[in-house]
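Chemist: Below you'll find upload-v8.cif; it's mmCIF, C-alpha atoms.
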data_my_file
loop_
_atom_site.label_atom_id
_atom_site.label_comp_id
_atom_site.auth_asym_id
_atom_site.auth_seq_id
_atom_site.Cartn_x
_atom_site.Cartn_y
_atom_site.Cartn_z
CA MET A 1 113.49 115.66 81.83
CA ARG A 2 111.58 118.09 84.03
CA GLY A 3 108.52 120.11 83.07
CA ASP A 4 106.73 123.05 84.67
CA VAL A 5 103.73 122.63 86.95
CA ALA A 6 101.33 124.22 84.44
CA GLU A 7 102.29 121.65 81.81
CA ILE A 8 101.71 118.80 84.25
CA PHE A 9 98.39 120.25 85.40
CA SER A 10 97.06 120.67 81.85
CA ALA A 11 98.10 117.15 80.82
CA PHE A 12 96.36 115.55 83.79
CA LEU A 13 93.31 117.82 83.58
CA LYS A 14 92.62 116.49 80.08
CA LEU A 15 92.76 112.96 81.47
CA GLY A 16 90.63 113.88 84.47
CA LEU A 17 87.90 115.11 82.12
CA THR A 18 88.00 112.17 79.70
CA SER A 19 89.25 109.05 81.53
CA PHE A 20 86.13 106.92 81.84
CA GLY A 21 86.23 103.21 82.53
CA GLY A 22 87.86 102.67 85.91
CA PRO A 23 91.43 102.06 87.15
CA VAL A 24 92.55 99.63 84.43
CA ALA A 25 91.39 101.99 81.70
CA HIS A 26 93.13 104.89 83.47
CA LEU A 27 96.44 103.04 83.35
CA GLY A 28 95.95 102.56 79.62
CA TYR A 29 95.25 106.27 79.13
CA PHE A 30 98.35 107.17 81.14
CA ARG A 31 100.53 104.90 79.03
CA LEU A 32 99.25 106.40 75.77
CA GLU A 33 99.68 109.96 77.03
CA PHE A 34 102.97 109.80 78.92
CA VAL A 35 104.90 106.92 77.33
CA GLU A 36 103.82 107.02 73.68
CA ARG A 37 102.72 110.60 73.04
CA ARG A 38 104.67 112.84 75.44
CA LYS A 39 107.55 110.39 76.07
CA TRP A 40 107.93 111.46 79.70
CA LEU A 41 108.71 107.85 80.67
CA SER A 42 110.21 104.76 79.09
CA GLU A 43 108.07 101.63 78.78
CA ALA A 44 110.16 99.87 81.45
CA SER A 45 109.91 102.77 83.91
CA TYR A 46 106.15 103.00 83.43
CA ALA A 47 105.74 99.26 83.99
CA ASP A 48 107.76 99.56 87.19
CA LEU A 49 105.59 102.44 88.40
CA VAL A 50 102.45 100.39 87.80
CA ALA A 51 103.94 97.43 89.68
CA LEU A 52 104.84 99.64 92.64
CA CYS A 53 101.39 101.20 92.87
CA GLN A 54 99.66 97.83 92.63
CA PHE A 55 101.86 96.68 95.53
CA LEU A 56 100.74 99.58 97.74
CA PRO A 57 97.31 100.06 99.32
CA GLY A 58 95.25 102.83 97.78
CA PRO A 59 94.02 103.82 94.30
CA ALA A 60 96.61 102.44 91.88
CA SER A 61 95.82 104.73 88.94
CA SER A 62 95.90 107.89 91.07
CA GLN A 63 99.17 106.75 92.65
CA VAL A 64 100.71 106.22 89.21
CA GLY A 65 99.60 109.75 88.33
CA ILE A 66 101.14 111.13 91.53
CA ALA A 67 104.40 109.31 90.78
CA ILE A 68 104.51 110.62 87.20
CA GLY A 69 103.94 114.16 88.48
CA LEU A 70 106.69 113.64 91.06
CA LEU A 71 109.10 112.50 88.36
CA ARG A 72 108.22 115.37 86.06
CA GLY A 73 107.98 118.27 88.49
CA GLY A 74 108.90 117.23 92.02
CA TYR A 75 106.40 117.51 94.86
CA ALA A 76 104.63 120.47 93.24
CA GLY A 77 104.24 118.34 90.10
CA ALA A 78 102.81 115.46 92.13
CA LEU A 79 100.24 117.80 93.71
CA ALA A 80 99.36 119.30 90.31
CA ALA A 81 98.90 115.86 88.75
CA TRP A 82 96.62 114.66 91.56
CA THR A 83 94.57 117.86 91.65
CA ALA A 84 93.96 117.96 87.92
CA PHE A 85 93.09 114.27 87.62
CA THR A 86 90.83 114.23 90.69
CA LEU A 87 89.03 117.57 90.65
CA PRO A 88 86.58 117.03 87.73
CA SER A 89 84.99 113.88 89.17
CA ALA A 90 85.07 115.25 92.73
CA ILE A 91 83.19 118.40 91.69
CA ALA A 92 80.66 116.36 89.70
CA LEU A 93 79.95 114.05 92.66
CA VAL A 94 79.63 116.93 95.13
CA LEU A 95 77.10 118.59 92.81
CA PHE A 96 75.28 115.26 92.54
CA ALA A 97 75.12 115.04 96.34
CA TYR A 98 73.55 118.50 96.51
CA GLY A 99 71.07 117.59 93.76
CA VAL A 100 69.91 114.21 95.12
CA ALA A 101 67.32 115.66 97.50
CA ALA A 102 65.90 118.07 94.91
CA LEU A 103 65.69 115.42 92.21
CA ASP A 104 64.15 112.88 94.57
CA SER A 105 61.40 115.31 95.53
CA SER A 106 60.62 116.30 91.93
CA LEU A 107 60.58 112.70 90.61
CA ASP A 108 59.32 109.50 92.15
CA GLY A 109 62.82 108.24 93.05
CA GLY A 110 62.87 105.47 90.44
CA TRP A 111 66.11 106.81 88.95
CA LEU A 112 67.73 106.39 92.35
CA HIS A 113 66.80 102.73 92.46
CA GLY A 114 68.12 102.38 88.90
CA LEU A 115 71.51 103.59 90.12
CA LYS A 116 71.50 100.93 92.84
CA VAL A 117 70.72 98.23 90.27
CA ALA A 118 73.54 99.54 88.07
CA ALA A 119 75.93 99.18 91.02
CA VAL A 120 75.05 95.44 91.14
CA ALA A 121 76.22 94.95 87.54
CA VAL A 122 79.33 97.11 87.88
CA VAL A 123 80.54 95.43 91.08
CA ALA A 124 79.79 91.96 89.65
CA LEU A 125 81.97 92.73 86.63
CA ALA A 126 84.75 94.04 88.87
CA ILE A 127 84.65 90.85 90.96
CA LEU A 128 84.78 88.65 87.87
CA GLY A 129 87.79 90.47 86.45
CA MET A 130 89.66 90.53 89.76
CA ALA A 131 88.91 86.88 90.52
CA ARG A 132 90.35 85.76 87.20
CA THR A 133 93.61 87.55 87.90
CA LEU A 134 93.97 87.38 91.68
CA THR A 135 92.53 83.93 92.55
CA PRO A 136 93.93 81.63 89.83
CA ASP A 137 94.46 78.56 92.08
CA ARG A 138 92.73 76.70 94.90
CA ILE A 139 94.74 78.29 97.70
CA ARG A 140 93.90 81.83 96.68
CA ALA A 141 90.28 80.99 95.80
CA SER A 142 89.87 79.39 99.25
CA LEU A 143 91.48 82.43 100.82
CA ALA A 144 88.98 84.70 99.07
CA VAL A 145 86.08 82.64 100.44
CA ALA A 146 87.57 82.74 103.95
CA ALA A 147 88.02 86.52 103.79
CA MET A 148 84.42 86.89 102.60
CA ALA A 149 83.23 84.84 105.59
CA VAL A 150 85.26 86.97 108.00
CA ALA A 151 83.82 90.17 106.54
CA LEU A 152 80.25 88.88 106.75
CA VAL A 153 80.66 87.62 110.33
CA LEU A 154 82.36 90.87 111.41
CA PRO A 155 80.45 93.56 109.46
CA SER A 156 82.68 96.45 110.51
CA ALA A 157 86.04 98.00 109.68
CA TRP A 158 87.66 95.38 111.95
CA GLY A 159 86.30 92.64 109.72
CA GLN A 160 87.91 94.27 106.68
CA ILE A 161 91.24 94.64 108.49
CA ALA A 162 91.07 91.02 109.70
CA GLY A 163 90.49 89.82 106.15
CA ILE A 164 93.51 91.76 104.86
CA LEU A 165 95.73 90.45 107.67
CA LEU A 166 94.52 86.90 107.00
CA GLY A 167 95.49 87.29 103.35
CA GLY A 168 98.98 88.53 104.17
CA ILE A 169 99.66 85.74 106.69
CA VAL A 170 98.37 82.95 104.45
CA GLY A 171 100.28 84.40 101.50
CA TRP A 172 103.49 84.47 103.54
CA PHE A 173 103.27 80.81 104.50
CA CYS A 174 101.36 79.17 101.64
CA ILE A 175 102.01 81.07 98.39
CA LYS A 176 105.22 81.02 96.41
CA GLY A 177 106.45 84.50 95.56
CA THR A 178 107.65 85.42 92.07
CA PRO A 179 110.00 88.40 92.40
CA ALA A 180 110.84 90.65 89.48
CA VAL A 181 113.99 89.78 87.57
CA ASP A 182 114.41 92.75 85.24
CA GLN A 183 117.12 95.29 85.99
CA SER A 184 115.23 98.53 85.30
CA VAL A 185 115.56 101.23 87.95
CA LEU A 186 112.98 103.94 88.60
CA PRO A 187 114.53 107.37 87.96
CA LEU A 188 112.58 109.16 90.70
CA PRO A 189 113.91 112.11 92.74
CA VAL A 190 113.30 110.77 96.26
CA ASN A 191 116.16 109.84 98.58
CA ARG A 192 115.97 107.25 101.34
CA ALA A 193 115.96 109.79 104.17
CA THR A 194 112.91 111.49 102.66
CA GLY A 195 111.31 108.09 102.12
CA VAL A 196 111.77 107.13 105.77
CA THR A 197 110.29 110.47 106.86
CA MET A 198 107.21 109.98 104.67
CA LEU A 199 106.67 106.44 105.97
CA PHE A 200 107.04 107.68 109.55
CA ILE A 201 104.39 110.36 108.96
CA PHE A 202 102.10 107.77 107.37
CA ALA A 203 102.41 105.42 110.36
CA ALA A 204 102.17 108.23 112.90
CA LEU A 205 98.88 109.43 111.43
CA LEU A 206 97.49 105.91 111.13
CA ILE A 207 98.21 105.21 114.81
CA GLY A 208 97.92 108.71 116.23
CA LEU A 209 94.65 109.89 114.69
CA PRO A 210 92.46 107.29 116.48
CA LEU A 211 94.20 108.14 119.77
CA ALA A 212 93.65 111.86 119.23
CA VAL A 213 89.97 111.24 118.44
CA ALA A 214 89.58 109.13 121.60
CA MET A 215 91.15 111.87 123.73
CA THR A 216 89.36 114.88 122.19
CA GLY A 217 86.08 113.46 120.88
CA ASN A 218 86.36 115.91 117.98
CA ALA A 219 83.85 114.91 115.26
CA ALA A 220 85.77 116.49 112.36
CA LEU A 221 88.99 114.80 113.44
CA GLY A 222 87.09 111.51 113.72
CA LEU A 223 85.83 111.87 110.16
CA PHE A 224 89.33 112.68 108.90
CA ASP A 225 90.62 109.59 110.71
CA THR A 226 87.91 107.41 109.13
CA PHE A 227 88.76 108.39 105.56
CA TYR A 228 92.52 108.39 106.18
CA ARG A 229 92.28 104.83 107.55
CA VAL A 230 90.24 103.69 104.54
CA GLY A 231 92.80 105.20 102.16
CA SER A 232 95.54 103.39 104.07
CA LEU A 233 93.96 99.92 103.99
CA VAL A 234 92.31 99.56 100.58
CA PHE A 235 94.28 97.01 98.57
CA GLY A 236 93.16 96.65 94.98
CA GLY A 237 91.83 100.22 94.69
CA GLY A 238 88.70 101.23 92.80
CA HIS A 239 85.70 99.15 93.74
CA VAL A 240 87.39 97.72 96.83
CA VAL A 241 86.81 101.05 98.60
CA LEU A 242 83.12 100.13 98.74
CA PRO A 243 83.19 97.61 101.64
CA LEU A 244 85.54 99.67 103.80
CA LEU A 245 83.57 102.89 103.42
CA LYS A 246 80.28 101.07 103.90
CA ALA A 247 81.53 99.60 107.17
CA GLU A 248 82.60 103.04 108.38
CA VAL A 249 79.75 105.36 107.38
CA VAL A 250 76.57 103.26 106.93
CA PRO A 251 74.19 103.77 108.72
CA SER A 252 75.86 106.02 111.32
CA LEU A 253 76.61 108.93 108.95
CA VAL A 254 74.96 108.10 105.60
CA ASN A 255 71.89 105.95 104.93
CA GLY A 256 72.25 102.93 102.67
CA ASP A 257 70.18 104.32 99.80
CA ALA A 258 72.22 107.54 99.56
CA PHE A 259 75.44 105.50 99.78
CA LEU A 260 74.55 103.25 96.85
CA ALA A 261 73.13 106.09 94.78
CA GLY A 262 76.43 107.92 95.07
CA TYR A 263 78.39 104.80 94.26
CA GLY A 264 76.28 104.34 91.13
CA ALA A 265 76.86 107.97 90.15
CA ALA A 266 80.61 107.51 90.63
CA GLN A 267 80.56 105.03 87.73
CA ALA A 268 79.20 107.73 85.41
CA VAL A 269 81.99 110.28 85.88
CA PRO A 270 85.61 110.19 84.68
CA GLY A 271 88.57 110.01 87.01
CA PRO A 272 89.27 107.92 90.11
CA LEU A 273 86.52 106.09 92.01
CA PHE A 274 88.04 107.31 95.28
CA THR A 275 86.35 110.67 94.65
CA PHE A 276 83.30 108.84 96.03
CA ALA A 277 84.71 110.17 99.32
CA ALA A 278 83.85 113.72 98.19
CA TYR A 279 80.23 112.66 97.59
CA LEU A 280 79.99 111.11 101.06
CA GLY A 281 81.53 114.20 102.65
CA ALA A 282 79.01 116.44 100.87
CA VAL A 283 76.12 114.26 102.09
CA ILE A 284 77.48 114.36 105.64
CA GLY A 285 78.25 118.06 105.92
CA GLY A 286 78.47 120.00 102.66
CA TRP A 287 81.34 120.98 100.39
CA THR A 288 83.85 121.81 103.15
CA VAL A 289 83.48 118.33 104.64
CA ALA A 290 83.68 116.92 101.09
CA ALA A 291 87.07 118.61 100.61
CA MET A 292 88.33 117.28 103.94
CA CYS A 293 87.23 113.71 103.18
CA LEU A 294 88.81 113.88 99.73
CA VAL A 295 92.16 115.02 101.13
CA ALA A 296 92.02 112.43 103.91
CA ILE A 297 91.42 109.43 101.64
CA PHE A 298 94.19 110.41 99.19
CA LEU A 299 96.80 111.58 101.73
CA PRO A 300 98.09 108.02 102.40
CA SER A 301 98.77 107.65 98.67
CA PHE A 302 101.08 110.69 98.66
CA LEU A 303 102.95 109.48 101.74
CA LEU A 304 103.26 105.85 100.60
CA VAL A 305 104.36 106.61 97.03
CA SER A 306 107.03 109.04 98.26
CA GLY A 307 108.05 106.73 101.09
CA VAL A 308 108.36 103.43 99.25
CA LEU A 309 109.91 104.66 95.97
CA PRO A 310 113.51 104.73 97.28
CA PHE A 311 113.21 101.13 98.49
CA TRP A 312 111.10 99.68 95.70
CA ASP A 313 113.92 98.30 93.57
CA ALA A 314 115.09 96.04 96.43
CA LEU A 315 111.61 95.24 97.74
CA ARG A 316 110.20 94.00 94.44
CA ARG A 317 112.93 91.35 94.27
CA THR A 318 111.90 89.85 97.65
CA PRO A 319 109.86 86.64 97.29
CA MET A 320 108.25 87.07 100.73
CA ALA A 321 106.87 90.50 99.85
CA GLN A 322 105.42 89.21 96.59
CA ALA A 323 103.87 86.21 98.36
CA MET A 324 102.21 88.39 101.00
CA LEU A 325 100.89 90.71 98.28
CA SER A 326 99.38 87.73 96.43
CA GLY A 327 97.58 86.67 99.60
CA VAL A 328 96.30 90.18 100.32
CA ASN A 329 95.01 90.55 96.76
CA ALA A 330 93.14 87.24 97.01
CA ALA A 331 91.56 88.37 100.30
CA VAL A 332 90.49 91.59 98.59
CA VAL A 333 88.35 89.55 96.19
CA GLY A 334 86.60 88.02 99.20
CA LEU A 335 85.99 91.42 100.79
CA LEU A 336 84.44 92.64 97.57
CA LEU A 337 82.23 89.53 97.43
CA ALA A 338 80.97 90.29 100.94
CA ALA A 339 80.15 93.87 99.93
CA PHE A 340 78.47 92.59 96.77
CA TYR A 341 76.02 90.65 98.95
CA ASP A 342 75.48 93.42 101.50
CA PRO A 343 74.73 96.21 100.72
CA VAL A 344 74.92 96.07 96.91
CA TRP A 345 72.67 93.06 96.19
CA THR A 346 70.35 93.35 99.19
CA ALA A 347 69.57 97.00 98.45
CA GLY A 348 69.57 96.85 94.65
CA ILE A 349 67.68 93.62 93.90
CA THR A 350 64.22 93.60 95.46
CA ASN A 351 62.18 91.76 92.79
CA GLY A 352 62.38 90.01 89.44
CA TYR A 353 62.32 93.26 87.48
CA ASP A 354 65.44 94.46 89.30
CA TYR A 355 67.16 91.16 88.62
CA ALA A 356 66.35 91.37 84.90
CA LEU A 357 67.67 94.95 84.70
CA ALA A 358 70.87 94.02 86.57
CA LEU A 359 71.41 91.02 84.29
CA GLY A 360 70.86 93.15 81.20
CA ALA A 361 73.31 95.77 82.51
CA PHE A 362 75.91 93.07 83.18
CA VAL A 363 75.53 91.72 79.64
CA LEU A 364 75.98 95.23 78.21
CA LEU A 365 79.17 95.65 80.25
CA PHE A 366 80.66 92.18 79.83
CA VAL A 367 79.54 91.17 76.34
CA GLY A 368 78.71 94.51 74.72
CA LYS A 369 81.76 96.27 76.25
CA LEU A 370 79.71 99.44 76.77
CA PRO A 371 81.37 102.07 78.97
CA PRO A 372 80.17 101.94 82.60
CA TRP A 373 78.93 105.55 82.58
CA LEU A 374 76.53 104.79 79.71
CA VAL A 375 75.17 101.67 81.43
CA VAL A 376 74.63 103.67 84.63
CA VAL A 377 72.67 106.34 82.75
CA LEU A 378 70.55 103.69 81.01
CA CYS A 379 69.76 102.01 84.34
CA ALA A 380 68.69 105.33 85.85
CA ILE A 381 66.36 105.98 82.90
CA VAL A 382 64.86 102.48 83.07
CA GLY A 383 64.44 102.81 86.83
CA GLN A 384 62.57 106.08 86.44
CA PHE A 385 60.32 105.30 83.50
CA VAL A 386 60.05 101.51 83.14
CA LEU A 387 60.37 99.69 86.46
CA PRO A 388 57.12 99.41 88.44
#
Just dump the structure as structure tokens.

Modeler:
Amino acid sequence: MRGDVAEIFSAFLKLGLTSFGGPVAHLGYFRLEFVERRKWLSEASYADLVALCQFLPGPASSQVGIAIGLLRGGYAGALAAWTAFTLPSAIALVLFAYGVAALDSSLDGGWLHGLKVAAVAVVALAILGMARTLTPDRIRASLAVAAMAVALVLPSAWGQIAGILLGGIVGWFCIKGTPAVDQSVLPLPVNRATGVTMLFIFAALLIGLPLAVAMTGNAALGLFDTFYRVGSLVFGGGHVVLPLLKAEVVPSLVNGDAFLAGYGAAQAVPGPLFTFAAYLGAVIGGWTVAAMCLVAIFLPSFLLVSGVLPFWDALRRTPMAQAMLSGVNAAVVGLLLAAFYDPVWTAGITNGYDYALALGAFVLLFVGKLPPWLVVVLCAIVGQFVLP
């Protein structure tokens, strides 16, 4: 059943304004809204959408939203769903970027350090949850450690790419795939010819943008290429964007303190964590650069969702594909561990007081189940008024 674009936009705008808690929580909100309340999808179709978007690189919750919009209203519906879900947090983070300098000059900067300490607790919780799910045996745990070592030895985008490739190769040869056995079929309006075209555009941009930058030396094109490449290579979504973006923009475009402050602020707003790209763009060059970075990091998601949907039913039943995905997901845990050490821990924990605050924040998140945005706000307050 199709709906108009305004209906899709309003449904996703409500979620964009209220969906705190990160990607897993977003998927729960989507299920309540679109399966139970609005009945736009069956339970089986929604589960298949989630499986597809977890298979692809990029932000899984945003990709599920794009796919739901595509099902409901075609490509205009997909664009409306993404815009409405993304815009509230993007605007909030751009405003935060503009306000950082003013706030830092009017206060003593303690709140900024509190945000960096909050990032320690949030990333630690993300690693714990991902490790439980994605590294359940010795092979995958060892793979995570190996990927972490690669990322620490090669502290650049190439180290991140090498870790992902290592995960896929080891998964192919050493992990047993478990293909889906259910017979549900996604009722999505994308034919195979369109899918091939979208995948071709995705690959052409991934390969062609760096070549165009090398030939022209255009700074704006180089920035677009950076964020497009990150959006194309982030497996696991959410917090995993941290190491890739850090490798690309710190310290050449953004200093480490501003980077971590923005990442902490991203935990306090609803919507997808990938809107962190808008914050970085605003720090680099204002709101126009923020808009460009935001489009660049999400563009691969549009192309991949539209490109893979026609082939997903066959692909998900392939043991080799599932095995490679298991290996890549395990490597992602290692990449996040490397980022947790540098820059999250090294910048956030400078003394015993910081360690105590980070530990308290972790307990509030893990044991107390407080929402991340509230813990971030509390850390900023403690950093400003309590920490020496």

Chemist: Which residue, A:Thr346, A:Ser306, A:Thr318, A:Thr275, has the smallest gap to Ile66 (chain A) when you use only C-alpha atoms?

Modeler: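 The answer is A:Ser306, which sits nearest to Ile66 (chain A).
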
Chemist: Selection in question (the file shown): the PyMOL selection byres ((chain A and resi 371) around 12). Which residues does it include, as a PyMOL selection string?

Modeler: chain A and resi 19-22+25+122+267-270+361-370+372-378

Chemist: Give as number ranges by chain the residues that the PyMOL selection byres ((chain A and resi 150-163) around 10) matches when applied to the coordinates above.

Modeler: A: 143-149, 164-168, 226, 229-230, 233-234, 243-250, 328, 330-332, 334-339, 341-342

Chemist: May I have the selected residues written with C-alpha atoms, as a compact mmCIF listing (two decimals), in the frame of the given file?

Modeler:
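Saved result, again_4.txt, follows:
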# COMPACT_ATOMS: atom_id res chain seq x y z
CA LEU A 143 91.48 82.43 100.82
CA ALA A 144 88.98 84.70 99.07
CA VAL A 145 86.08 82.64 100.44
CA ALA A 146 87.57 82.74 103.95
CA ALA A 147 88.02 86.52 103.79
CA MET A 148 84.42 86.89 102.60
CA ALA A 149 83.23 84.84 105.59
CA ILE A 164 93.51 91.76 104.86
CA LEU A 165 95.73 90.45 107.67
CA LEU A 166 94.52 86.90 107.00
CA GLY A 167 95.49 87.29 103.35
CA GLY A 168 98.98 88.53 104.17
CA THR A 226 87.91 107.41 109.13
CA ARG A 229 92.28 104.83 107.55
CA VAL A 230 90.24 103.69 104.54
CA LEU A 233 93.96 99.92 103.99
CA VAL A 234 92.31 99.56 100.58
CA PRO A 243 83.19 97.61 101.64
CA LEU A 244 85.54 99.67 103.80
CA LEU A 245 83.57 102.89 103.42
CA LYS A 246 80.28 101.07 103.90
CA ALA A 247 81.53 99.60 107.17
CA GLU A 248 82.60 103.04 108.38
CA VAL A 249 79.75 105.36 107.38
CA VAL A 250 76.57 103.26 106.93
CA VAL A 328 96.30 90.18 100.32
CA ALA A 330 93.14 87.24 97.01
CA ALA A 331 91.56 88.37 100.30
CA VAL A 332 90.49 91.59 98.59
CA GLY A 334 86.60 88.02 99.20
CA LEU A 335 85.99 91.42 100.79
CA LEU A 336 84.44 92.64 97.57
CA LEU A 337 82.23 89.53 97.43
CA ALA A 338 80.97 90.29 100.94
CA ALA A 339 80.15 93.87 99.93
CA TYR A 341 76.02 90.65 98.95
CA ASP A 342 75.48 93.42 101.50

Chemist: Which residues come within 10 Å of Ala67 (chain A), counting only C-alpha atoms, excluding same-chain residues fewer than 3 positions away, as a list of chain:residue names?

Modeler: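 Neighbouring residues, sequence-local ones excluded: A:Tyr46, A:Leu49, A:Val50, A:Leu52, A:Cys53, A:Ser61, A:Ser62, A:Gln63, A:Val64, A:Leu70, A:Leu71, A:Arg72, A:Gly73, A:Gly74, A:Tyr75, A:Gly77, A:Ala78, A:Leu79, A:Ala81, A:Trp82, A:Leu188, A:Ser301, A:Phe302, A:Val305, A:Ser306, A:Leu309.
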
Chemist: What does the PyMOL selection byres ((chain A and resi 358) around 9) select in this file, as a PyMOL selection string?

Modeler: chain A and resi 117-121+348-349+353-357+359-363+379

Chemist: Restrict the selected residues to C-alpha atoms and save them as a compact mmCIF listing (two decimals), in the coordinates of the input.

Modeler:
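Dumped to part38.txt:
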# COMPACT_ATOMS: atom_id res chain seq x y z
CA VAL A 117 70.72 98.23 90.27
CA ALA A 118 73.54 99.54 88.07
CA ALA A 119 75.93 99.18 91.02
CA VAL A 120 75.05 95.44 91.14
CA ALA A 121 76.22 94.95 87.54
CA GLY A 348 69.57 96.85 94.65
CA ILE A 349 67.68 93.62 93.90
CA TYR A 353 62.32 93.26 87.48
CA ASP A 354 65.44 94.46 89.30
CA TYR A 355 67.16 91.16 88.62
CA ALA A 356 66.35 91.37 84.90
CA LEU A 357 67.67 94.95 84.70
CA LEU A 359 71.41 91.02 84.29
CA GLY A 360 70.86 93.15 81.20
CA ALA A 361 73.31 95.77 82.51
CA PHE A 362 75.91 93.07 83.18
CA VAL A 363 75.53 91.72 79.64
CA CYS A 379 69.76 102.01 84.34

Chemist: What is the distance, in Å and to one decimal place, between CA of Gly307 (chain A) and CA of Met198 (chain A)?

Modeler: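 That distance, rounded to one decimal, is 4.9 Å.
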
Chemist: Counting all atoms listed in the file, which of A:Arg132, A:Asn329, A:Gly231, A:Thr18 gets nearest to Leu206 (chain A)?

Modeler: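 Among the listed residues, the smallest separation from Leu206 (chain A) belongs to A:Gly231.
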
Chemist: Please determine the residues with any atom at most 8 Å from (69.8, 107.0, 99.0) (coordinates as given in the file, with only C-alpha atoms counting) and report them as a compact mmCIF listing (two decimals) with C-alpha atoms, in the coordinates of the input.

Modeler:
# COMPACT_ATOMS: atom_id res chain seq x y z
CA LEU A 112 67.73 106.39 92.35
CA ASN A 255 71.89 105.95 104.93
CA GLY A 256 72.25 102.93 102.67
CA ASP A 257 70.18 104.32 99.80
CA ALA A 258 72.22 107.54 99.56
CA PHE A 259 75.44 105.50 99.78
CA LEU A 260 74.55 103.25 96.85
CA ALA A 261 73.13 106.09 94.78
CA GLY A 262 76.43 107.92 95.07
